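Right, one structure below, let's go through it.
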Amino acid sequence: MILEEALYQNFGFQTFKPGQKEVIQALLNKQDTLAVLPTGTGKSLCYQMVGKLLVGTVLIVSPLLSLMEDQVIQLQKKGETRVIALNSSLSFMEKQYVLANLSSYKYILISPETLTQKEVRQQISRLNIALFVVDEAHCVSQWGVDFRPEYTKLAQIQKECGNPLTLALTATATADVKQDILQQVFSKSENIKEIIYSVNRPNIALIVDKTDEKAAKLLNYLSQLKNKGIIYCATRKTAEKLDRLIKEQTDLKSAFYHGGLTANERSLLQQQFVSNQLDVLCATNAFGMGIDKPDVRFVIHYDCPDSLENYVQEFGRAGRDGQPSVAILLYQKGDESIHYYFQTETRQDREVLNQLFTDKTEIREEVLTNLNEIQQKWVQGFLEKEYTFEELEQRLLRKEKDRYRQLSSMLNYINEAKCRREFIQHYFSEKISKKTQKNCCDCCGLFFDNYQAQIVQSPEEKEISEQWEDILLRLFKE
């Protein structure tokens with residue numbers, strides 16, 4: 001089979017992006033595959049195309065409702081009608097209809113929470129699953145034990161499905177995260193193909209701006225960046241505050257996006273942003289995963305991210321088309337305190353567990369009603385004998401240490417004095433190649449005032465500008 005012909009017939013593309021063909025070929029060779037491909041390289045096409053070439057259902061475990069909705073829309077635009085998102089946004093009647101007709105769908109996108117429900121597992125196990133996909137697979141490690149423990153049950157569900165051909169996709173994975181993915185997604189695999197590409201995005205310039213006047217700096221950047229962009233915030237309150245500020249102080253069309261909005265509101269905002277009805281979106285990390293918008297020219301972090309993994313994922317949503325873009329991190333001393341607060345909350349959740357156990361094997365019934373959602377999930381895992389109390393406590397302690405270490409690395413990046421791009425590559429255990437690009441980072445002499453002219457130009461304007469530069473150079477040489 002000539003894969004390029006199948007690519008053109010099914011998707012209208014004449015060539016593959018880096019990594020795509022390797023992943024597809026490995027899967028067609030029946031190899032379980034871990035693929036780490038940079039944002040913007042079309043990871044979803046890998047499983048979409050394999051689904052076209054294999055008999056059976058493609059089951060895609062996906063972390064966010066907005067991501068699932070976006071993937072459904074993408075497939076429908078390509079003429080695929082046998083696609084459904086099975087998640088909490090469905091009504092009871094809609095869910096029952098989908099479950100009763102599950103075998104009629106070619107692509108099923110599903111959240112880990114929905115996948116672990118008993119009635120869903122029973123129906124899924126009856127399908128002929130051609131490919132089991134874990135999309136945004138870094139979430140297995142990032143959210144697995146202390147936030148969304150359903151991710152830790154993937155191996156059991158794969159077993160119930162007959163251990164089908166499996167693909168794990170992500171844009172970033174440190175050595176530790178990769179190991180978590182291999183242990184939790186490929187625990188039954190003997191022949192795993194690893195296809196790893198660099199996290200480096202040469203077209204995205206990196207800037208850290210340390211300031212005591214973040215709001216003023218933000219408005220100044222926005223006055224010069226005339227293309228579409230995302231502003232990331234640590235909390236819902238800040239996202240809403242910045243949206244009001246931008247509306248009051250600029251003529252930009254902005255909106256805020258966070259998990260407190262309804263599914264319909266989030267879906268509408270995402271579509272408005274993709275279709276250029278909005279200039280700027282002020283968002284928490286609930287926004288952006290898998291967003292199909294190639295021309296985001298800037299990503300500004302108003303607050304300090306909690307990890308370099310998340311930071312690279314988020315600023316990677318800029319410049320998916322390969323055009324010059326910029327990632328700006330505004331940092332004010334003490335910004336990291338919000339993440340220490342979140343970590344304290346997690347520790348308090350864990351400490352509550354000690355109140356539930358008498359001899360570490362029994363639970364006092366009277367306190368169960370006072371538990372929050374995540375605590376109830378932990379207890380449920382204990383009751384289902386997935387782990388002992390000691391094992392759970394050790395997992396949570398290890399995760400707390402990981403989060404402190406990740407935040408420390410993020411602060412080291414902010415305070416880096418040499419090269420930010422090399423710092424990122426070193427963090428992800430990549431071989432650092434000889435630097436050839438001139439627009440690297442502020443540590444390497446990049447000045448925003450000079451670089452922003454490349455960003456605000458359209459590709460056509462940039463081409464004309466480059467043509468004039470060539471003409472002038474020739475004239476001076478003559």
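Each chain in the structure tokens gets a letter, A, B, ..., in the order shown, and its residues are numbered from 1; ligands are numbered from 1 in order too.
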
Assign secondary structure with DSSP using the backbone only, and return the residues of region 165-314 of chain A in strand (DSSP E or B) as a tab-separated table (two decimals) with N, CA and C atoms, in the first residue's frame.
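Saved to result-v9.tsv:
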```tsv
chain	number	residue	atom	x	y	z
A	166	THR	N	-2.62	-0.61	20.34
A	166	THR	CA	-2.72	0.61	21.16
A	166	THR	C	-1.76	1.70	20.68
A	167	LEU	N	-2.27	2.93	20.70
A	167	LEU	CA	-1.47	4.11	20.36
A	167	LEU	C	-1.61	5.14	21.47
A	168	ALA	N	-0.48	5.62	21.99
A	168	ALA	CA	-0.48	6.72	22.95
A	168	ALA	C	0.15	7.93	22.28
A	169	LEU	N	-0.55	9.07	22.32
A	169	LEU	CA	-0.11	10.29	21.64
A	169	LEU	C	0.07	11.43	22.62
A	170	THR	N	1.16	12.17	22.49
A	170	THR	CA	1.35	13.38	23.28
A	170	THR	C	2.37	14.27	22.60
A	192	ILE	N	6.90	-2.55	21.77
A	192	ILE	CA	6.43	-1.16	21.72
A	192	ILE	C	7.33	-0.33	20.82
A	193	LYS	N	6.73	0.30	19.84
A	193	LYS	CA	7.47	1.20	18.96
A	193	LYS	C	7.41	2.61	19.54
A	194	GLU	N	8.57	3.21	19.80
A	194	GLU	CA	8.63	4.57	20.32
A	194	GLU	C	9.08	5.51	19.21
A	195	ILE	N	8.22	6.48	18.90
A	195	ILE	CA	8.54	7.47	17.87
A	195	ILE	C	8.57	8.83	18.56
A	196	ILE	N	9.76	9.34	18.78
A	196	ILE	CA	9.96	10.53	19.60
A	196	ILE	C	10.57	11.65	18.77
A	204	ILE	N	8.84	29.62	17.27
A	204	ILE	CA	8.28	30.33	18.43
A	204	ILE	C	9.41	30.94	19.25
A	205	ALA	N	9.48	32.26	19.28
A	205	ALA	CA	10.46	32.96	20.10
A	205	ALA	C	10.03	32.92	21.57
A	206	LEU	N	10.99	32.84	22.47
A	206	LEU	CA	10.71	32.69	23.90
A	206	LEU	C	11.16	33.92	24.67
A	207	ILE	N	10.22	34.50	25.43
A	207	ILE	CA	10.52	35.71	26.20
A	207	ILE	C	9.95	35.56	27.61
A	208	VAL	N	10.77	35.89	28.61
A	208	VAL	CA	10.28	36.04	29.99
A	208	VAL	C	10.45	37.50	30.37
A	209	ASP	N	9.37	38.11	30.80
A	209	ASP	CA	9.38	39.53	31.16
A	209	ASP	C	9.09	39.64	32.66
A	210	LYS	N	10.12	39.96	33.44
A	210	LYS	CA	9.94	40.13	34.88
A	210	LYS	C	9.53	41.57	35.15
A	229	GLY	N	-4.41	35.61	19.56
A	229	GLY	CA	-3.58	35.03	20.60
A	229	GLY	C	-4.36	34.55	21.81
A	230	ILE	N	-3.64	33.84	22.69
A	230	ILE	CA	-4.21	33.29	23.92
A	230	ILE	C	-3.45	33.86	25.10
A	231	ILE	N	-4.20	34.23	26.16
A	231	ILE	CA	-3.59	34.66	27.41
A	231	ILE	C	-3.97	33.64	28.48
A	232	TYR	N	-2.97	32.96	29.03
A	232	TYR	CA	-3.24	31.94	30.04
A	232	TYR	C	-3.14	32.51	31.45
A	254	SER	N	-12.44	40.25	22.86
A	254	SER	CA	-11.91	39.25	23.78
A	254	SER	C	-13.04	38.52	24.49
A	255	ALA	N	-12.68	37.42	25.15
A	255	ALA	CA	-13.63	36.65	25.96
A	255	ALA	C	-12.81	35.85	26.97
A	256	PHE	N	-13.49	35.34	28.00
A	256	PHE	CA	-12.81	34.48	28.96
A	256	PHE	C	-13.33	33.05	28.82
A	257	TYR	N	-12.46	32.11	29.17
A	257	TYR	CA	-12.78	30.68	29.01
A	257	TYR	C	-12.22	29.93	30.21
A	280	VAL	N	-8.66	37.69	21.12
A	280	VAL	CA	-7.91	37.21	22.28
A	280	VAL	C	-8.83	36.39	23.17
A	281	LEU	N	-8.31	35.29	23.68
A	281	LEU	CA	-9.04	34.48	24.63
A	281	LEU	C	-8.24	34.43	25.93
A	282	CYS	N	-8.85	34.89	27.03
A	282	CYS	CA	-8.23	34.82	28.36
A	282	CYS	C	-8.70	33.52	29.00
A	283	ALA	N	-7.78	32.59	29.21
A	283	ALA	CA	-8.21	31.23	29.55
A	283	ALA	C	-7.38	30.61	30.66
A	298	PHE	N	0.52	34.46	19.11
A	298	PHE	CA	1.18	34.65	20.41
A	298	PHE	C	0.43	33.93	21.51
A	299	VAL	N	1.19	33.47	22.49
A	299	VAL	CA	0.64	32.93	23.73
A	299	VAL	C	1.33	33.67	24.87
A	300	ILE	N	0.53	34.35	25.68
A	300	ILE	CA	1.07	35.08	26.83
A	300	ILE	C	0.61	34.40	28.11
A	301	HIS	N	1.54	34.09	28.97
A	301	HIS	CA	1.20	33.56	30.29
A	301	HIS	C	1.22	34.71	31.28
```

- request: Could you give me the residues within region 280-439 of chain A that DSSP places in alpha helix (DSSP H), as a ChimeraX atom specification?
  value: /A:308-315,337-356,373-383,389-414,420-427

Per residue of region 220-287 of chain A within 12 Å of region 72-78 of chain A, note the shortest atom pair and the distance in Å to one decimal, counting only C-alpha atoms, and order the rows by chain and increasing residue number, as JSON lines.
```
{"residue": "A:Ser267", "atom": "CA", "partner": "A:Ile73", "partner_atom": "CA", "distance": 11.0}
{"residue": "A:Gln270", "atom": "CA", "partner": "A:Ile73", "partner_atom": "CA", "distance": 11.9}
{"residue": "A:Gln271", "atom": "CA", "partner": "A:Ile73", "partner_atom": "CA", "distance": 10.2}
```

task: Just the residues within 12 Å of Lys159 (chain A), please, counting only C-alpha atoms, with nothing from its chain fewer than 2 positions along; format it as a count of residues only.
output: 21

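Across A:Gln183, A:Ser307, A:Gln25, A:Ser111, the tightest approach to Met410 (chain A) is made by A:Ser307 when counting only C-alpha atoms.
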
task: Tell me, in Å to one decimal, how far CA of Val140 (chain A) is from CA of Thr33 (chain A).
output: 15.4 Å

query: Could you work out how far CA of Ser62 (chain A) lies from CA of Val134 (chain A), giving the answer in Å with one decimal?
result: 6.6 Å
